[in-house]
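Take a look at the structure below.
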Amino acid sequence: MTMQYQTDYAGRPIKIEIGKMARQAHGSCTVRYGDTVVLVTVCRNETASPGIDFLPMTVNYMEMTYAAGKIPGGFFKREGRPSEKEVLGSRLIDRPLRPLFPDSYHNETQVIATVLSVEQENEPELAAMIGASIALGISDVPFQGPIAGARVGYINGEFVCNPSISQMKDSDIDLLVAAKEGSIIMVEAGAKFASEETLIAALAYAQEQMKPVLELQNRIIAEIGKPKMAPPPSNADAELESKVAAFATGKLKAALRIPVKTERYSTIGALKKETVAHLSEAYAGREKEIDGIYGDLKYNLMREMVVKDKVRVDGRGPREIRNITCEVGLLPRTHGSALFTRGETQAMVVTTLGTSEDEQKIDALSGWEYKTFMLHYNFPPFSVGEVKILRGPGRREVGHGALAERAVSKVLPKEDFPYTIRVVSDILESNGSSSMATVCGASLSLMDAGVPTKGHVAGIAMGLIKEGDDVVILSDILGDEDHLGDMDFKVAGTAEGVTALQMDIKIGGVTAELLKDALYQAKEGRLHILGKMNESITTHRGELSSYAPRITTIYVRVEKIKDVIGPGGKNIKGIILATGCKIDIDDTGKVNIASSDGEAAQRAIDMVRGLTAEAEIGKLYKGKVKKIMDFGAFVEIFPGTEGLVHISQLAVERVKNVRDILKEGDEVLVKVLEVDKDGKIRLSRKEALDQTL
């Protein structure tokens, strides 16, 4: 039996269909929003895997090329590994779902969102997120939703819910919010220097706009939702918990106050082994349970220390920022480099400048897209003192790189800097917020490379510890505070305003008022970090590295483009071969000539100008005799352009034979007498005899 539901969402109908497709999944639905259709399915294992003490959930967002009426590129002509956009879409859906499961639910669960049809004006991730909430809600999976998602634009001073792609080009913010009734769960945003007030108002607007979708989901779940499976009961042993606490509490409290991460981790790890060994004889075979109780004790003690004593594990107060050092120009042969260190988090960030040949070409559902700015984030295992197999970037690396790229892109020059820019951040040490260290390091590195940015961008990660009515917001969180806390809230921006925002909540949601406090505290921290960065470098360098390509832009008339290219590309290929320069010409007549050799670049410029130059009446040119005729000589005054020197214009005296004066290959100074309407040029040697260039 197929069931259909519908409501109005931001001025367009959103239609839900259940029971028609994927009926063997534990929960499934299709969501149609405009002409975008997404199928979302949920499946779970019957029982939890032995030894698993976490939620093993996987979310896969897949864009099928047939959805846009396209055939995939490449040799195999089928979808391959997930694109970066699909990875980011998977993360967007995963992040608001994950906090909404019982702590004891450990069954392997998979959510698959498949884009079946897509229109070019609306992104399908939003429909996929809503579909995931519905599929989980009607299944027996103990999901504590529902949730909804909304994209908010800010266009001409007005908020717009779920704007089209073309509308977003004029928007000052791009805010994606996931929320349940009364609380916000996730935020992902980019902005053009937005104020905190604007972002707070946008969050409130998003919550209001999502209400019809949440109401529809509640109705669907009430009508057709399956009874939820009961998560396994807690096997807590009060006696064993008491024994662990009695043995470890005092030593663990002291260990948690060791400020150096490696020493703290080593001490806590040694104490855990000591605790297990102490109790293993009386509780043989329950070592894993003791291990878990010890972890819970550490969680509670750290939170208690922050909430009651207002002291963090490294001794800082809630608003205090770790020590910051910034260095630029460290690497001699790179185009720009910076080392940003904040406490025990360190990022080496390198900028490379390229030409249009280096642009990233992306085969997206909407068609071919080209990126001239790329920021890539790497997290090698040595940054946290671990040994791991090196593989390609995972979802975390892609997500952190995308966040930093969004933050920094707002200060890049748009029109007058014809370079492709690649920034690579290698995390050398990590103890909290390496993505925000990447933002700061990228800003420093770009300035060191001579990129004319609008100013520094700094990033800061905020945390939250909430115990009942007691709430503490933490600035510049450590790795422990991220893992044991209730919120990871990253804010990046300039002194002028916010350029990127990302928030994940682990406690089922927070109020807009709490987010407001966190935003203003983040601004305080961001301005402090910007001050430290400005002590290192305050503006971009006046010139590029000597190892970077120099790109000179010249313009030719549109009708002359064909002369630069030549038949079959002969002319432009000849210039590239002769000079070694990279040359790019677009259909507006803009020519970019790139080379790290100034002389070679000038030769290429002269050759292009020679191909497109036009004869000026009265101007002198040194030309080459190309052909002798009885009535005169044809002289090439610049490549591809010839004029006629009539025999009467060869000399003051009468000339009987042209070859008495000139021969083919001679260089001769001539003056332009006339250019007729057909472009024919009349030259004179006689008029130029007593003149020099």
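Ordering of the structure tokens sets the chain letters (A, B, ...), residue numbers begin anew at 1 in every chain, and ligands are numbered from 1 in the order given.
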
List every residue of range 391-639 of chain A that DSSP, applied to the backbone of this structure, places in strand (DSSP E or B), and write the result as an mmCIF file with C-alpha atoms, in the first residue's frame.
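Below is the file part26.cif, written as the result:
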```
data_model
loop_
_atom_site.group_PDB
_atom_site.id
_atom_site.type_symbol
_atom_site.label_atom_id
_atom_site.label_comp_id
_atom_site.auth_asym_id
_atom_site.auth_seq_id
_atom_site.Cartn_x
_atom_site.Cartn_y
_atom_site.Cartn_z
ATOM 1 C CA THR A 420 44.709 29.313 -9.624
ATOM 2 C CA ILE A 421 45.447 28.955 -5.891
ATOM 3 C CA ARG A 422 46.033 25.730 -3.997
ATOM 4 C CA VAL A 423 46.538 25.760 -0.230
ATOM 5 C CA VAL A 424 47.623 22.591 1.603
ATOM 6 C CA SER A 425 47.440 22.277 5.380
ATOM 7 C CA ASP A 426 49.498 19.507 6.973
ATOM 8 C CA ILE A 427 48.644 19.063 10.641
ATOM 9 C CA LEU A 428 51.910 18.448 12.505
ATOM 10 C CA GLU A 429 50.414 18.353 16.005
ATOM 11 C CA ALA A 458 40.951 33.548 12.055
ATOM 12 C CA GLY A 459 39.074 30.524 13.351
ATOM 13 C CA ILE A 460 38.219 29.337 16.842
ATOM 14 C CA ALA A 461 36.505 26.204 18.177
ATOM 15 C CA MET A 462 34.056 26.565 21.033
ATOM 16 C CA GLY A 463 32.819 23.855 23.400
ATOM 17 C CA LEU A 464 30.024 23.333 25.890
ATOM 18 C CA ILE A 465 29.655 21.487 29.170
ATOM 19 C CA LYS A 466 26.038 21.277 30.374
ATOM 20 C CA GLU A 467 25.122 19.568 33.640
ATOM 21 C CA ASP A 470 24.806 24.594 34.927
ATOM 22 C CA VAL A 471 26.287 25.594 31.582
ATOM 23 C CA VAL A 472 29.886 26.535 30.743
ATOM 24 C CA ILE A 473 30.930 27.700 27.273
ATOM 25 C CA LEU A 474 34.595 27.003 26.509
ATOM 26 C CA SER A 475 36.800 28.970 24.117
ATOM 27 C CA MET A 487 29.123 20.817 21.558
ATOM 28 C CA ASP A 488 31.714 21.464 18.871
ATOM 29 C CA PHE A 489 31.119 24.974 17.540
ATOM 30 C CA LYS A 490 33.607 26.374 15.018
ATOM 31 C CA VAL A 491 33.508 30.035 13.958
ATOM 32 C CA ALA A 492 35.814 31.694 11.430
ATOM 33 C CA GLY A 493 35.902 35.265 10.216
ATOM 34 C CA VAL A 498 31.837 35.841 10.191
ATOM 35 C CA THR A 499 32.815 33.965 7.017
ATOM 36 C CA ALA A 500 32.139 30.353 8.085
ATOM 37 C CA LEU A 501 30.321 28.535 10.847
ATOM 38 C CA GLN A 502 29.943 24.878 11.799
ATOM 39 C CA MET A 503 28.199 23.448 14.826
ATOM 40 C CA ASP A 504 27.535 19.902 16.008
ATOM 41 C CA ILE A 505 25.564 19.128 19.160
ATOM 42 C CA VAL A 510 20.547 23.589 22.175
ATOM 43 C CA ARG A 550 54.166 35.692 -13.370
ATOM 44 C CA ILE A 551 50.862 36.169 -15.132
ATOM 45 C CA THR A 552 50.532 39.231 -17.328
ATOM 46 C CA THR A 553 47.095 40.051 -18.654
ATOM 47 C CA ILE A 554 46.651 41.865 -21.940
ATOM 48 C CA TYR A 555 43.552 42.386 -24.014
ATOM 49 C CA LYS A 582 51.642 29.256 -20.701
ATOM 50 C CA ILE A 583 49.052 31.225 -22.639
ATOM 51 C CA ASP A 584 45.312 31.287 -22.101
ATOM 52 C CA ILE A 585 42.839 33.356 -24.119
ATOM 53 C CA LYS A 590 41.575 38.540 -22.328
ATOM 54 C CA VAL A 591 44.993 36.923 -22.739
ATOM 55 C CA ASN A 592 46.880 35.584 -19.694
ATOM 56 C CA ILE A 593 50.585 34.966 -20.269
ATOM 57 C CA ALA A 594 52.322 33.034 -17.487
ATOM 58 C CA SER A 595 56.020 32.417 -16.928
ATOM 59 C CA LEU A 620 57.013 54.240 -38.647
ATOM 60 C CA TYR A 621 57.610 50.467 -38.649
ATOM 61 C CA LYS A 622 60.675 48.332 -39.234
ATOM 62 C CA GLY A 623 59.441 45.616 -41.553
ATOM 63 C CA LYS A 624 60.789 42.708 -43.554
ATOM 64 C CA VAL A 625 60.520 42.447 -47.314
ATOM 65 C CA LYS A 626 58.447 39.376 -48.077
ATOM 66 C CA LYS A 627 57.915 39.573 -51.823
ATOM 67 C CA ILE A 628 59.256 41.621 -54.754
ATOM 68 C CA MET A 629 56.956 42.559 -57.636
ATOM 69 C CA GLY A 632 56.734 47.412 -55.720
ATOM 70 C CA ALA A 633 57.483 45.321 -52.642
ATOM 71 C CA PHE A 634 55.299 43.724 -49.991
ATOM 72 C CA VAL A 635 56.674 44.416 -46.516
ATOM 73 C CA GLU A 636 55.565 42.639 -43.306
ATOM 74 C CA ILE A 637 55.390 45.312 -40.612
ATOM 75 C CA PHE A 638 54.328 42.827 -37.874
#
```

Which residues come within 8 Å of Ala68 in chain A, counting only C-alpha atoms, excluding same-chain residues fewer than 3 positions away, as a list in words? Met64, Thr65, Ser117, Val118, Glu119, Leu365 and Ser366 of chain A

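Closest approach to Ser242 in chain A among A:Leu297, A:Leu271, A:Val556, A:Val59 is made by A:Leu297 (distances from only C-alpha atoms).
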
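Minimum atom-to-atom distances from A:Ala204, A:Leu530, A:Val311, A:Ala246 to Lys516 in chain A were compared using only C-alpha atoms, and the lowest value belongs to A:Ala204.
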
Check which residues of range 444-496 of chain A sit at most 8 Å from range 401-414 of chain A using only C-alpha atoms, and return one row each with the closest pair of atoms and their distance in Å to one decimal, ordered by chain and rising number, as CSV.
```
residue,atom,partner,partner_atom,distance
A:Val451,CA,A:Leu412,CA,7.7
A:Pro452,CA,A:Pro413,CA,6.4
A:Thr453,CA,A:Leu412,CA,4.9
A:Lys454,CA,A:Val411,CA,4.9
A:Gly455,CA,A:Val411,CA,6.5
A:His456,CA,A:Val411,CA,7.9
A:Val457,CA,A:Val408,CA,6.3
A:Ala492,CA,A:Ala407,CA,6.0
A:Gly493,CA,A:Ala407,CA,6.7
```

Length of the CA of Lys686 in chain A to CA of Asn657 in chain A vector [Å]: 15.1 Å

If you run DSSP on this backbone, which residues of range 365-473 of chain A come out as alpha helix (DSSP H), and could you give them as a ChimeraX atom specification? /A:395-409,434-448

Would you mind telling me which residue in A:Leu55, A:Ile184, A:Asn60, A:Gly69 lies nearest to Tyr105 in chain A when using only C-alpha atoms?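 Comparing A:Leu55, A:Ile184, A:Asn60, A:Gly69 against Tyr105 in chain A, the winner is A:Leu55.
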
Show me a table, sorted first by chain and then by increasing residue number, of the residues of range 21-101 of chain A having an atom at most 10 Å from range 391-399 of chain A, each with its shortest atom pair and the distance in Å to one decimal, counting only C-alpha atoms and written as a Markdown table.
```
| residue | atom | partner | partner_atom | distance |
| --- | --- | --- | --- | --- |
| A:Glu84 | CA | A:Val398 | CA | 7.0 |
| A:Lys85 | CA | A:Val398 | CA | 9.5 |
| A:Glu86 | CA | A:Arg395 | CA | 10.0 |
| A:Val87 | CA | A:Arg395 | CA | 6.2 |
| A:Leu88 | CA | A:Gly399 | CA | 6.2 |
| A:Gly89 | CA | A:Gly399 | CA | 9.8 |
| A:Ser90 | CA | A:Arg395 | CA | 8.7 |
| A:Arg91 | CA | A:Arg395 | CA | 7.5 |
| A:Leu92 | CA | A:Gly399 | CA | 9.6 |
```

Neighbours of Ala135 in chain A within 12 Å (only C-alpha atoms; same-chain residues fewer than 2 positions away dropped), as JSON, numbers by chain? {"A": [16, 17, 18, 19, 21, 22, 23, 25, 26, 27, 28, 29, 30, 31, 38, 39, 40, 41, 42, 43, 44, 97, 110, 111, 112, 113, 128, 129, 130, 131, 132, 133, 137, 138, 139, 140, 141, 142, 143, 145, 146, 147, 217, 220, 221, 224, 225, 226]}

I'd like the interatomic distance between CA of Met210 in chain A and CA of Gln521 in chain A, to a tenth of an Å.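 Spanning CA of Met210 in chain A to CA of Gln521 in chain A is a straight-line distance of 27.4 Å.
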
Considering only C-alpha atoms, return as a ChimeraX atom specification whatever protein or nucleic-acid residues lie within 7 Å of Gly343 in chain A, sequence-local ones (same chain, fewer than 5 positions apart) excluded. /A:322-324
